[in-house]
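K.L.:
For reference, the file entry-v7.cif (mmCIF, C-alpha atoms and all ligand atoms) is included below:
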```cif
data_data
loop_
_atom_site.label_atom_id
_atom_site.label_comp_id
_atom_site.auth_asym_id
_atom_site.auth_seq_id
_atom_site.Cartn_x
_atom_site.Cartn_y
_atom_site.Cartn_z
CA MET M 30 0.00 0.00 0.00
CA LYS M 31 1.01 3.57 -0.49
CA THR M 32 2.56 5.42 2.42
CA VAL M 33 0.73 8.38 3.95
CA GLU M 34 3.08 10.74 2.17
CA GLU M 35 2.19 9.19 -1.17
CA ILE M 36 -1.51 9.29 -0.38
CA LYS M 37 -1.20 12.92 0.63
CA ALA M 38 0.52 13.73 -2.66
CA ALA M 39 -2.11 11.84 -4.63
CA ILE M 40 -4.94 13.66 -2.86
CA GLU M 41 -3.30 17.03 -3.41
CA ALA M 42 -2.85 16.27 -7.10
CA ALA M 43 -6.47 15.21 -7.54
CA VAL M 44 -8.31 17.60 -5.24
CA PRO M 45 -6.89 21.13 -5.51
CA GLY M 46 -6.77 22.95 -2.21
CA ALA M 47 -7.50 19.82 -0.21
CA GLY M 48 -5.49 21.02 2.78
CA VAL M 49 -4.13 17.65 3.88
CA GLU M 50 -1.78 17.40 6.82
CA ILE M 51 -0.02 14.37 8.20
CA VAL M 52 -0.54 13.67 11.88
CA SER M 53 2.25 11.31 12.77
CA ASN M 54 1.90 8.57 15.32
CA PRO M 55 5.13 8.23 17.29
CA GLY M 56 4.16 4.81 18.69
CA PRO M 57 5.56 1.53 17.40
CA SER M 58 2.50 0.95 15.21
CA ALA M 59 3.43 4.09 13.25
CA GLN M 60 -0.11 4.45 12.02
CA HIS M 61 0.09 7.97 10.72
CA SER M 62 -3.11 9.68 9.86
CA LEU M 63 -4.24 12.35 7.44
CA LEU M 64 -5.90 15.46 8.77
CA ILE M 65 -8.20 16.81 6.10
CA ALA M 66 -9.98 20.12 5.85
CA PRO M 67 -13.76 19.74 6.30
CA GLU M 68 -14.54 21.81 3.17
CA SER M 69 -12.98 19.30 0.81
CA ALA M 70 -13.66 16.19 2.88
CA VAL M 71 -16.34 14.66 0.68
CA ALA M 72 -14.26 15.18 -2.46
CA VAL M 73 -11.25 13.58 -0.76
CA ALA M 74 -13.38 10.69 0.49
CA THR M 75 -14.83 10.02 -2.94
CA PHE M 76 -11.36 10.15 -4.43
CA LEU M 77 -10.00 7.63 -1.91
CA ARG M 78 -12.90 5.26 -2.48
CA ASP M 79 -12.74 5.39 -6.28
CA HIS M 80 -8.95 5.45 -6.64
CA ALA M 81 -7.91 2.41 -8.65
CA GLU M 82 -4.93 1.51 -6.50
CA LEU M 83 -6.21 2.50 -3.05
CA ALA M 84 -9.83 1.36 -3.53
CA LEU M 85 -10.78 2.08 0.08
CA ASP M 86 -14.16 0.47 -0.17
CA PHE M 87 -14.68 -0.38 3.48
CA LEU M 88 -15.20 2.06 6.32
CA SER M 89 -14.49 0.03 9.40
CA ASN M 90 -14.77 2.51 12.20
CA VAL M 91 -15.80 6.05 13.05
CA THR M 92 -14.94 7.48 16.42
CA GLY M 93 -14.76 10.82 18.15
CA VAL M 94 -12.18 12.49 20.34
CA ASP M 95 -12.75 15.46 22.58
CA TRP M 96 -9.82 17.81 22.96
CA PRO M 97 -10.67 20.35 25.65
CA ASP M 98 -9.23 23.85 25.83
CA LYS M 99 -5.63 23.59 26.88
CA GLU M 100 -3.87 26.08 29.05
CA ILE M 101 -0.23 26.19 28.15
CA ALA M 102 2.31 27.76 30.46
CA GLU M 103 5.51 28.70 28.69
CA LYS M 104 8.73 30.08 30.06
CA VAL M 105 10.00 32.91 27.89
CA LYS M 106 13.18 34.90 28.26
CA VAL M 107 12.50 38.60 28.11
CA THR M 108 15.20 41.20 27.79
CA ARG M 109 14.40 44.67 28.96
CA THR M 110 16.21 47.84 29.86
CA VAL M 111 16.31 48.80 33.49
CA THR M 112 17.57 51.99 34.97
CA LYS M 113 19.71 51.64 38.04
CA THR M 114 21.38 54.17 40.17
CA VAL M 115 24.90 53.10 40.96
CA GLU M 116 26.93 55.35 43.24
CA GLY M 117 24.76 58.35 42.49
CA VAL M 118 25.02 57.97 38.71
CA GLU M 119 22.08 56.77 36.68
CA GLN M 120 22.90 53.94 34.38
CA SER M 121 20.77 51.92 32.08
CA ALA M 122 21.53 48.27 31.71
CA GLU M 123 20.02 45.33 29.92
CA GLU M 124 18.65 42.54 32.00
CA THR M 125 17.23 39.18 31.02
CA VAL M 126 14.43 37.71 33.09
CA GLU M 127 12.37 34.61 32.75
CA GLU M 128 8.66 35.07 32.59
CA THR M 129 5.89 32.49 32.60
CA ARG M 130 3.23 33.26 30.08
CA LYS M 131 -0.04 31.50 29.86
CA ARG M 132 -2.11 31.12 26.78
CA VAL M 133 -5.21 29.07 26.11
CA GLU M 134 -5.18 26.86 23.09
CA PRO M 135 -8.81 26.42 22.03
CA GLY M 136 -10.12 22.89 22.04
CA TYR M 137 -11.93 21.07 19.28
CA LEU M 138 -13.77 17.88 18.53
CA GLU M 139 -12.12 15.41 16.26
CA VAL M 140 -13.65 12.61 14.23
CA VAL M 141 -11.45 9.70 13.18
CA TYR M 142 -12.26 7.34 10.31
CA HIS M 143 -10.49 4.04 9.62
CA PHE M 144 -10.65 2.72 6.07
CA TYR M 145 -9.68 -0.60 4.58
CA SER M 146 -9.80 -2.02 1.12
CA MET M 147 -11.60 -5.32 0.69
CA ALA M 148 -10.64 -5.50 -2.97
CA LYS M 149 -6.93 -4.88 -2.42
CA LYS M 150 -6.74 -6.35 1.10
CA HIS M 151 -4.92 -3.47 2.65
CA GLY M 152 -5.42 -0.82 5.25
CA PRO M 153 -6.00 0.95 7.44
CA VAL M 154 -5.89 4.49 6.15
CA VAL M 155 -6.80 6.88 8.94
CA LEU M 156 -8.56 10.16 8.24
CA ARG M 157 -9.21 12.87 10.78
CA MET M 158 -11.38 15.96 10.72
CA ARG M 159 -11.55 18.68 13.33
CA THR M 160 -14.30 21.10 14.22
CA ALA M 161 -13.57 24.80 14.65
CA ASN M 162 -14.40 24.74 18.36
CA ARG M 163 -16.29 22.73 20.95
CA THR M 164 -19.35 24.89 21.42
CA ASP M 165 -21.12 26.35 18.40
CA LYS M 166 -19.01 25.53 15.35
CA VAL M 167 -19.27 21.77 15.58
CA GLN M 168 -20.35 21.01 12.02
CA LEU M 169 -18.45 18.51 9.90
CA PRO M 170 -19.42 16.98 6.59
CA SER M 171 -20.95 13.52 6.78
CA MET M 172 -19.28 10.57 5.07
CA THR M 173 -22.56 8.68 4.82
CA PRO M 174 -23.17 9.62 1.16
CA VAL M 175 -19.80 8.04 0.32
CA TRP M 176 -19.78 5.07 2.73
CA ARG M 177 -23.20 3.99 3.86
CA SER M 178 -21.73 2.25 6.90
CA ALA M 179 -20.91 5.63 8.41
CA GLU M 180 -24.56 6.28 9.17
CA PHE M 181 -24.99 4.68 12.59
CA GLN M 182 -21.48 5.46 13.73
CA GLU M 183 -21.84 9.12 12.89
CA ARG M 184 -25.10 9.15 14.78
CA GLU M 185 -23.22 7.73 17.74
CA VAL M 186 -20.52 10.41 17.49
CA PHE M 187 -23.29 13.00 17.28
CA ASP M 188 -24.99 11.53 20.33
CA LEU M 189 -21.95 11.17 22.55
CA PHE M 190 -19.73 14.05 21.40
CA GLY M 191 -22.12 16.51 19.79
CA VAL M 192 -20.53 16.72 16.37
CA GLU M 193 -23.17 17.73 13.82
CA PHE M 194 -22.74 16.00 10.50
CA THR M 195 -24.04 18.05 7.62
CA GLY M 196 -25.44 15.95 4.81
CA HIS M 197 -26.30 13.06 7.11
CA PRO M 198 -29.66 11.58 6.06
CA ASP M 199 -30.98 10.86 9.55
CA LEU M 200 -29.05 12.61 12.29
CA ARG M 201 -30.76 11.59 15.52
CA ARG M 202 -29.46 10.35 18.83
CA ILE M 203 -28.89 6.62 18.73
CA LEU M 204 -27.95 5.50 22.25
CA MET M 205 -29.55 8.13 24.45
CA TRP M 206 -33.14 9.28 24.13
CA ASP M 207 -34.23 12.22 22.03
CA GLY M 208 -34.89 14.63 24.89
CA PHE M 209 -31.41 14.10 26.35
CA LYS M 210 -29.35 17.29 26.37
CA ASP M 211 -25.77 16.29 27.26
CA HIS M 212 -22.98 14.64 25.34
CA PRO M 213 -21.71 12.03 27.78
CA MET M 214 -18.32 11.29 26.20
CA ARG M 215 -17.18 14.88 26.37
CA ARG M 216 -14.61 15.47 29.04
CA ASP M 217 -16.61 18.20 30.71
CA TYR M 218 -19.75 16.08 30.99
CA VAL M 219 -21.44 16.52 34.35
CA GLU M 220 -23.17 13.31 35.36
CA PRO M 221 -26.37 13.33 37.40
CA ASP M 222 -25.67 13.11 41.12
CA ASP M 223 -27.08 9.68 41.88
CA TYR M 224 -24.47 8.54 44.38
CA ASP M 225 -27.09 7.98 47.07
CA TYR M 226 -26.34 4.30 47.55
CA GLU M 227 -22.74 3.16 47.18
CA PRO M 228 -22.17 0.19 49.48
CA THR M 229 -18.65 -0.59 48.27
CA ALA M 230 -17.35 2.81 47.27
CA HIS M 231 -13.67 3.52 46.86
CA ASP M 232 -11.44 6.09 45.14
CA GLU M 233 -13.37 8.40 42.80
CA VAL M 234 -16.73 6.90 43.66
CA LEU M 235 -16.08 7.27 47.38
CA LYS M 236 -15.32 10.97 46.89
CA LYS M 237 -18.49 11.45 44.89
CA ALA M 238 -20.58 9.52 47.43
CA GLN M 239 -19.14 11.64 50.24
CA ALA M 240 -19.85 14.82 48.29
CA HIS M 241 -23.41 13.61 47.80
CA GLN M 242 -23.83 12.93 51.52
CA ALA M 243 -22.35 16.34 52.37
CA ALA M 244 -24.77 18.04 49.97
CA LEU M 245 -27.68 16.13 51.53
CA ALA M 246 -26.60 17.15 55.04
CA GLY M 247 -26.31 20.76 53.85
CA GLN M 248 -29.83 20.67 52.45
CA LYS M 249 -31.21 19.25 55.67
CA GLY M 250 -29.37 21.88 57.71
CA ALA M 251 -30.77 24.67 55.56
CA GLY M 252 -34.29 23.29 55.75
CA GLU M 253 -34.46 23.33 59.53
CA MET K 12 -55.25 -23.45 58.92
CA ALA K 13 -52.57 -26.05 58.71
CA VAL K 14 -52.93 -29.80 59.03
CA ASP K 15 -50.67 -31.53 61.54
CA GLU K 16 -47.77 -33.09 59.61
CA GLY K 17 -47.75 -36.37 61.57
CA LEU K 18 -51.48 -36.83 61.15
CA LYS K 19 -51.19 -36.14 57.46
CA ILE K 20 -48.59 -38.89 57.03
CA GLU K 21 -50.64 -41.36 59.07
CA LEU K 22 -53.73 -40.64 57.03
CA GLY K 23 -51.67 -40.88 53.84
CA LYS K 24 -50.70 -44.44 54.78
CA GLN K 25 -54.40 -45.25 54.88
CA GLY K 26 -54.94 -43.76 51.46
CA VAL K 27 -56.55 -40.57 52.74
CA PHE K 28 -55.09 -37.31 51.56
CA VAL K 29 -55.72 -34.21 53.54
CA THR K 30 -54.81 -30.72 52.50
CA THR K 31 -55.93 -27.15 52.90
CA LEU K 32 -57.35 -24.99 50.22
CA GLN K 33 -54.44 -22.61 50.67
CA GLU K 34 -51.87 -25.35 50.16
CA LEU K 35 -53.63 -26.62 47.07
CA TYR K 36 -54.01 -23.13 45.67
CA ASN K 37 -50.37 -22.21 46.26
CA TRP K 38 -49.18 -25.56 44.97
CA GLY K 39 -51.00 -24.87 41.73
CA ARG K 40 -49.61 -21.36 41.50
CA ARG K 41 -46.02 -22.20 42.23
CA SER K 42 -45.92 -25.21 39.96
CA SER K 43 -46.69 -23.26 36.85
CA VAL K 44 -45.00 -19.89 36.94
CA TRP K 45 -44.64 -18.83 33.36
CA PRO K 46 -41.80 -16.43 32.71
CA MET K 47 -41.93 -13.65 30.21
CA ASN K 48 -39.91 -14.04 27.04
CA PHE K 49 -37.63 -11.15 27.69
CA GLY K 50 -33.86 -10.83 27.94
CA LEU K 51 -31.72 -7.74 28.19
CA ALA K 52 -28.03 -8.61 27.95
CA CYS K 53 -25.47 -11.34 28.50
CA CYS K 54 -27.38 -12.75 31.49
CA ALA K 55 -30.21 -13.63 29.11
CA ILE K 56 -27.91 -16.23 27.55
CA GLU K 57 -27.63 -17.97 30.92
CA MET K 58 -31.38 -17.75 31.31
CA ILE K 59 -31.81 -19.42 27.93
CA ALA K 60 -29.33 -22.11 28.94
CA THR K 61 -31.37 -22.72 32.09
CA THR K 62 -34.42 -23.56 30.02
CA MET K 63 -32.55 -26.04 27.84
CA ALA K 64 -32.22 -29.77 28.38
CA ARG K 65 -29.16 -29.73 30.63
CA TYR K 66 -30.65 -27.53 33.39
CA ASP K 67 -34.28 -27.93 32.38
CA MET K 68 -36.44 -25.30 34.03
CA ALA K 69 -39.42 -27.40 32.89
CA ARG K 70 -38.91 -29.53 35.99
CA PHE K 71 -40.23 -26.59 38.00
CA GLY K 72 -43.08 -25.74 35.71
CA ALA K 73 -41.47 -22.69 34.19
CA GLU K 74 -40.73 -23.87 30.69
CA VAL K 75 -43.35 -21.88 28.82
CA PHE K 76 -41.83 -18.50 28.03
CA ARG K 77 -44.71 -16.25 27.07
CA PRO K 78 -44.13 -13.61 24.43
CA SER K 79 -46.87 -11.43 25.91
CA PRO K 80 -46.78 -9.83 29.38
CA ARG K 81 -50.51 -10.51 29.67
CA GLN K 82 -49.89 -14.24 29.86
CA ALA K 83 -46.77 -14.20 32.02
CA ASP K 84 -46.53 -14.63 35.78
CA MET K 85 -42.88 -13.83 36.26
CA MET K 86 -40.42 -11.39 34.78
CA ILE K 87 -36.75 -12.34 34.84
CA ILE K 88 -34.78 -9.11 34.49
CA SER K 89 -31.81 -10.80 32.93
CA GLY K 90 -29.19 -8.21 32.19
CA THR K 91 -28.25 -4.58 32.02
CA VAL K 92 -31.14 -2.15 32.32
CA THR K 93 -30.16 0.98 30.44
CA LYS K 94 -31.83 4.25 31.22
CA LYS K 95 -33.35 4.15 27.77
CA MET K 96 -34.85 0.72 28.42
CA ALA K 97 -35.98 1.24 32.03
CA PRO K 98 -39.33 2.92 31.15
CA GLN K 99 -40.13 0.02 28.83
CA VAL K 100 -39.33 -2.52 31.54
CA VAL K 101 -41.67 -0.75 33.97
CA ARG K 102 -44.33 -0.53 31.29
CA LEU K 103 -44.07 -4.27 30.57
CA TYR K 104 -44.30 -4.98 34.27
CA ASN K 105 -47.42 -2.85 34.47
CA GLN K 106 -48.96 -4.88 31.68
CA MET K 107 -48.53 -8.16 33.49
CA ALA K 108 -51.55 -9.53 35.31
CA GLU K 109 -51.44 -10.31 39.02
CA PRO K 110 -50.09 -12.45 40.56
CA ARG K 111 -46.74 -11.43 39.17
CA TYR K 112 -43.23 -11.87 40.42
CA VAL K 113 -39.86 -10.41 39.52
CA ILE K 114 -36.44 -12.02 39.64
CA ALA K 115 -33.57 -9.57 39.15
CA MET K 116 -30.83 -11.70 37.66
CA GLY K 117 -27.21 -10.66 37.74
CA ALA K 118 -25.10 -7.79 39.00
CA CYS K 119 -26.49 -5.42 36.39
CA ALA K 120 -30.14 -5.91 37.18
CA ILE K 121 -29.65 -5.61 40.92
CA SER K 122 -27.21 -2.69 41.01
CA GLY K 123 -25.92 -1.65 37.61
CA GLY K 124 -23.06 -4.12 37.98
CA PRO K 125 -19.88 -3.45 36.02
CA PHE K 126 -21.57 -0.47 34.36
CA LYS K 127 -22.80 1.11 37.59
CA GLN K 128 -20.98 4.40 37.02
CA GLY K 129 -21.92 4.57 33.37
CA TYR K 130 -23.93 7.50 32.10
CA ASN K 131 -26.56 5.23 30.58
CA VAL K 132 -27.14 2.44 33.07
CA LEU K 133 -29.79 2.24 35.75
CA LYS K 134 -28.38 1.37 39.17
CA GLY K 135 -30.75 -1.50 39.79
CA ILE K 136 -34.28 -2.16 38.56
CA ASP K 137 -35.54 -2.28 42.15
CA ARG K 138 -35.59 1.50 42.01
CA TYR K 139 -38.81 1.31 39.98
CA ILE K 140 -40.51 -2.03 40.50
CA PRO K 141 -40.73 -4.40 43.46
CA VAL K 142 -38.22 -7.24 43.08
CA ASP K 143 -38.89 -10.56 44.80
CA ILE K 144 -35.56 -12.31 44.35
CA HIS K 145 -32.14 -10.81 43.69
CA ILE K 146 -29.40 -13.03 42.24
CA PRO K 147 -25.83 -11.75 42.37
CA GLY K 148 -23.21 -12.90 39.87
CA CYS K 149 -21.91 -11.80 36.53
CA PRO K 150 -23.49 -13.80 35.07
CA PRO K 151 -25.12 -16.06 37.65
CA ARG K 152 -24.82 -19.69 36.64
CA PRO K 153 -27.98 -21.55 35.60
CA GLU K 154 -27.91 -23.30 38.98
CA ALA K 155 -28.19 -19.90 40.62
CA LEU K 156 -31.24 -19.08 38.56
CA LEU K 157 -32.79 -22.43 39.52
CA GLU K 158 -31.99 -21.73 43.15
CA ALA K 159 -33.64 -18.34 42.82
CA PHE K 160 -36.64 -19.93 41.20
CA MET K 161 -36.92 -22.43 44.04
CA ALA K 162 -36.68 -19.56 46.52
CA LEU K 163 -39.53 -17.87 44.67
CA GLN K 164 -41.59 -21.05 44.86
CA LYS K 165 -41.01 -21.20 48.61
CA LYS K 166 -42.10 -17.60 48.84
CA ILE K 167 -45.31 -18.35 46.92
CA ASP K 168 -45.93 -21.41 49.06
CA ALA K 169 -45.66 -19.37 52.24
CA GLN K 170 -48.16 -16.74 51.18
CA HIS K 171 -51.44 -16.74 53.09
CA LEU K 172 -54.66 -16.24 51.22
CA THR K 173 -56.04 -13.91 53.84
CA GLY K 174 -54.58 -11.43 56.24
CA GLU K 175 -51.91 -8.79 55.97
CA ASP K 176 -49.37 -10.77 53.95
CA ARG K 177 -51.77 -12.01 51.31
CA PRO K 178 -50.56 -11.79 47.72
CA ARG K 179 -51.29 -8.62 45.82
CA HIS K 180 -53.91 -10.14 43.55
CA LEU K 181 -56.09 -10.92 46.57
CA ASP K 182 -55.71 -7.42 47.94
CA ALA K 183 -58.02 -4.99 46.17
CA GLU K 184 -56.19 -2.05 47.74
CA ALA K 185 -52.75 -3.09 46.51
CA GLN K 186 -50.87 -0.89 44.13
CA GLY K 187 -51.12 -2.30 40.64
CA LEU K 188 -49.71 0.41 38.47
CA PHE K 189 -46.16 1.61 38.95
CA PRO K 190 -45.25 5.02 37.56
CA VAL K 191 -43.18 4.83 34.40
CA PRO K 192 -40.11 7.06 34.77
CA GLY K 193 -39.81 9.89 32.29
CA GLN K 194 -36.70 10.52 30.21
CA GLY K 195 -35.51 13.95 31.24
CA GLU K 196 -32.82 16.21 29.92
CA HIS K 197 -30.04 14.73 32.03
CA ASP K 198 -31.40 11.62 33.73
CA LEU K 199 -34.51 9.58 34.35
CA GLU K 200 -37.16 11.51 36.27
CA PRO K 201 -37.66 10.65 39.03
CA ALA K 202 -34.37 8.86 39.69
CA ALA K 203 -36.21 6.28 41.83
CA ASN K 204 -39.75 5.44 42.83
CA LYS K 205 -39.79 6.40 46.51
CA SER K 206 -42.69 4.08 47.34
CA VAL K 207 -40.74 1.06 46.09
CA TRP K 208 -37.17 1.92 46.90
CA THR K 209 -35.60 3.76 49.78
CA VAL K 210 -31.87 4.22 50.19
CA PRO K 211 -30.68 1.16 52.11
CA VAL K 212 -28.67 1.82 55.25
CA VAL K 213 -25.06 0.82 54.72
CA ILE K 214 -23.57 -0.91 57.74
CA ARG K 215 -19.78 -0.69 57.89
S1 LIG T 1 -24.43 -9.12 35.28
FE1 LIG T 1 -22.68 -9.55 33.95
S2 LIG T 1 -23.40 -11.21 32.61
FE2 LIG T 1 -25.20 -10.25 33.52
S3 LIG T 1 -25.88 -8.69 32.07
FE3 LIG T 1 -24.52 -7.70 33.55
S4 LIG T 1 -22.49 -7.79 32.59
FE4 LIG T 1 -23.80 -9.27 31.53
#
```
Show this structure as C-alpha cells.

P.N.:
Amino acid sequence: MKTVEEIKAAIEAAVPGAGVEIVSNPGPSAQHSLLIAPESAVAVATFLRDHAELALDFLSNVTGVDWPDKEIAEKVKVTRTVTKTVEGVEQSAEETVEETRKRVEPGYLEVVYHFYSMAKKHGPVVLRMRTANRTDKVQLPSMTPVWRSAEFQEREVFDLFGVEFTGHPDLRRILMWDGFKDHPMRRDYVEPDDYDYEPTAHDEVLKKAQAHQAALAGQKGAGE
Amino acid sequence: MAVDEGLKIELGKQGVFVTTLQELYNWGRRSSVWPMNFGLACCAIEMIATTMARYDMARFGAEVFRPSPRQADMMIISGTVTKKMAPQVVRLYNQMAEPRYVIAMGACAISGGPFKQGYNVLKGIDRYIPVDIHIPGCPPRPEALLEAFMALQKKIDAQHLTGEDRPRHLDAEAQGLFPVPGQGEHDLEPAANKSVWTVPVVIR
C-alpha cells in the first residue's frame, strides 16, 4: 500500500486545495493519519474510495475524540532595559528575566475514520477531521453519502460528542433518548448526582458519594 | 389453617389425603410460573441455557416463556437495564396480570453491575418495581437461577390467602400500576420510585 506521504501527494494532485496534513503517530505501530480540511472532505473521500490503486471500499470505524481547551504555560526569556542608580550615577543596563506566560489553546472535537480495502486487502488508512471549536461551530461533513456504513457510527458520534454531521440523512441520537441534552463522552460532561447508595465505594466513587452525603446534610441543615 | 404433619402422614398411609385450600391453591400457583420471554443482555444467555435440556427449568413448571406480558406470571430481568430501556421494563411490568413476580438476575439488574458508574445504566431495577428475588453474579450460573426460582416457589408457598401478607392479587387495595419514569434532559425523572425503593442503610 502507499505510504501516507504518497496518499497525501495523490490527494493534493487530484483535489486542488484539499489542505491535507499528516498527523504522525510516534508509537511503534506508526499508524500515521491524514488530517483533512472539512470543506474538501467529501471530495477527498470520494477520491480515496474510487482510486484504482487505493480502492478504500470499506469504512471500518468512526470514532470521536474530545480535545478540551488547553492552558499552556511557557517560560519565555524577556530582555528589557532597566535603569539603576549606581553610586549616584544613573545607568541603564540590559537585564534578562524569565517570565511564565499562559495562553489558552482552544479545544476542538475530532472525528477519526479508519478505512480498509476489501478489494486490495490493505489498510487501514486513517482520516481525521476537526471542528472549529467545541461549542457552536461543531459542524463537519458527513461521510454517509460516500460510505453507507458511516450512518450509525456518525449518529453515535453526534450523540456522545455533539458533532453535527451536515449531509447526514438521519441525524438523531442513537444511544440516548431524544430529549437528552448532554454529550456524555465529552470530558466536561457533568453526570447526574445519583451517588445515594454506594455500598462498596472507593477512590473516585467514594469521593463522589461523600460529596453527595455532604450536599444532603447541607440541604437538611438549611431546611431546619 | 394447617394440618398436623404427623397426622397427614398417618392418614396418607391409609390412602386418605388431607390438604388445605391454601396449600392446594399455592401448589397450583407455584408449579406453573410462566416467565416472560424477555432478555436484556449477557445474562439472558444464561437464562436461555437454564431452560434447555441440561438444566431444564421445565422440571419446576417454568418452561413456557410467554411472548406477551398478559400471559406471564414472572419477569426475569436478565441483564443490564439501560436508562433508555428502564421505562419500557416498567411498562411491561405494568402490563402483566397479578399475581406477578420479579427475579432480578445478575449484578447489572440488581445494582448496575460493572456499568454502575456509566452515564446510561440504571443502578438496579428495584428503584422502579418491586423485586422478589435478587441473584448476584456476573453472570449467575444456571444453577443460581434455579436456586432463585426455588426460593420464589417457597415464597409463593408461604403466602397466606387472607390477612396482611396475602398476595397482591387478593388485595383490592394493593398498588397495581407503577409510575413509568420519564426521560428527562439529564437523567430519568424521578431517579427512583420512593414508594418502592428507599436508600438502604449501609452498615460498615
Ligand atoms: S451481570 Fe454480567 S453477565 Fe449479567 S448482564 Fe450484567 S455484565 Fe452481563

K.L.:
How would you report the residues lying within 6 Å of ligand LIG 1 (chain T), as an NGL selection string, if you count all atoms listed in the file?

P.N.:
:K and (52-54 or 90-91 or 117-119 or 124 or 149-150)

K.L.:
So which residues touch M:Glu220 within 8 Å, counting only C-alpha atoms, skipping near sequence neighbours fewer than 6 positions away, as a PDB file with C-alpha atoms, in the frame of the given file?

P.N.:
```
ATOM      1  CA  PRO M 213     -21.710  12.030  27.780  1.00  0.00           C
TER       2      PRO M 213
ATOM      3  CA  TYR K 130     -23.930   7.500  32.100  1.00  0.00           C
ATOM      4  CA  HIS K 197     -30.040  14.730  32.030  1.00  0.00           C
TER       5      HIS K 197
END
```

K.L.:
At a cut-off of 9 Å, using all atoms listed in the file, what residues contact stretch 38-47 of chain M? Leave out same-chain residues fewer than 4 positions from it and give the result as a ChimeraX atom specification.

P.N.:
/M:33-34,65-66,68-70,72-73,76-77

K.L.:
Please report the interatomic distance between atom CA of M:Ala84 and atom CA of M:Pro57 in Å with one decimal.

P.N.:
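Going from atom CA of M:Ala84 over to atom CA of M:Pro57 covers 26.0 Å.
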
K.L.:
Can you work out which one of K:Asp168, K:Leu133, K:Val142, K:Ser89 has the shortest atom-to-atom distance to chain M, counting all atoms listed in the file?

P.N.:
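Using all atoms listed in the file, the shortest distance to chain M belongs to K:Leu133.
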
K.L.:
To one decimal place, how far is atom CA of M:Thr92 from atom CA of M:Asn162 in Å?

P.N.:
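One can read the atom CA of M:Thr92 to atom CA of M:Asn162 distance as 17.4 Å.
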
K.L.:
So what do you get for atom CA of K:Gly135 versus atom CA of K:Val92, distance-wise?

P.N.:
7.5 Å

K.L.:
Using only C-alpha atoms, find the residues of chain K whose closest atom to chain M is at most 12 Å away, then write them as a compact mmCIF listing (two decimals) with C-alpha atoms, keeping the file's coordinate frame.

P.N.:
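This is the output file part_7.txt:
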```txt
# COMPACT_ATOMS: atom_id res chain seq x y z
CA THR K 93 -30.16 0.98 30.44
CA LYS K 94 -31.83 4.25 31.22
CA LYS K 95 -33.35 4.15 27.77
CA MET K 96 -34.85 0.72 28.42
CA ALA K 97 -35.98 1.24 32.03
CA PRO K 98 -39.33 2.92 31.15
CA SER K 122 -27.21 -2.69 41.01
CA GLY K 123 -25.92 -1.65 37.61
CA GLY K 124 -23.06 -4.12 37.98
CA LYS K 127 -22.80 1.11 37.59
CA GLN K 128 -20.98 4.40 37.02
CA GLY K 129 -21.92 4.57 33.37
CA TYR K 130 -23.93 7.50 32.10
CA ASN K 131 -26.56 5.23 30.58
CA VAL K 132 -27.14 2.44 33.07
CA LEU K 133 -29.79 2.24 35.75
CA LYS K 134 -28.38 1.37 39.17
CA GLY K 135 -30.75 -1.50 39.79
CA ARG K 138 -35.59 1.50 42.01
CA GLY K 193 -39.81 9.89 32.29
CA GLN K 194 -36.70 10.52 30.21
CA GLY K 195 -35.51 13.95 31.24
CA GLU K 196 -32.82 16.21 29.92
CA HIS K 197 -30.04 14.73 32.03
CA ASP K 198 -31.40 11.62 33.73
CA LEU K 199 -34.51 9.58 34.35
CA GLU K 200 -37.16 11.51 36.27
CA PRO K 201 -37.66 10.65 39.03
CA ALA K 202 -34.37 8.86 39.69
CA ALA K 203 -36.21 6.28 41.83
CA TRP K 208 -37.17 1.92 46.90
CA THR K 209 -35.60 3.76 49.78
CA VAL K 210 -31.87 4.22 50.19
CA PRO K 211 -30.68 1.16 52.11
CA VAL K 212 -28.67 1.82 55.25
CA VAL K 213 -25.06 0.82 54.72
CA ILE K 214 -23.57 -0.91 57.74
CA ARG K 215 -19.78 -0.69 57.89
```

K.L.:
If we count all atoms listed in the file, what is near stretch 169-177 of chain K at a cut-off of 10 Å, once residues fewer than 4 positions away on the same chain are taken out, given as a PyMOL selection string?

P.N.:
chain K and resi 12+32-34+36-37+163-165+181-182

K.L.:
Please list as number ranges by chain every residue within 6 Å of stretch 180-186 of chain M, counting all atoms listed in the file and excluding residues in the same chain fewer than 5 positions away.

P.N.:
M: 91, 93, 173, 200, 203
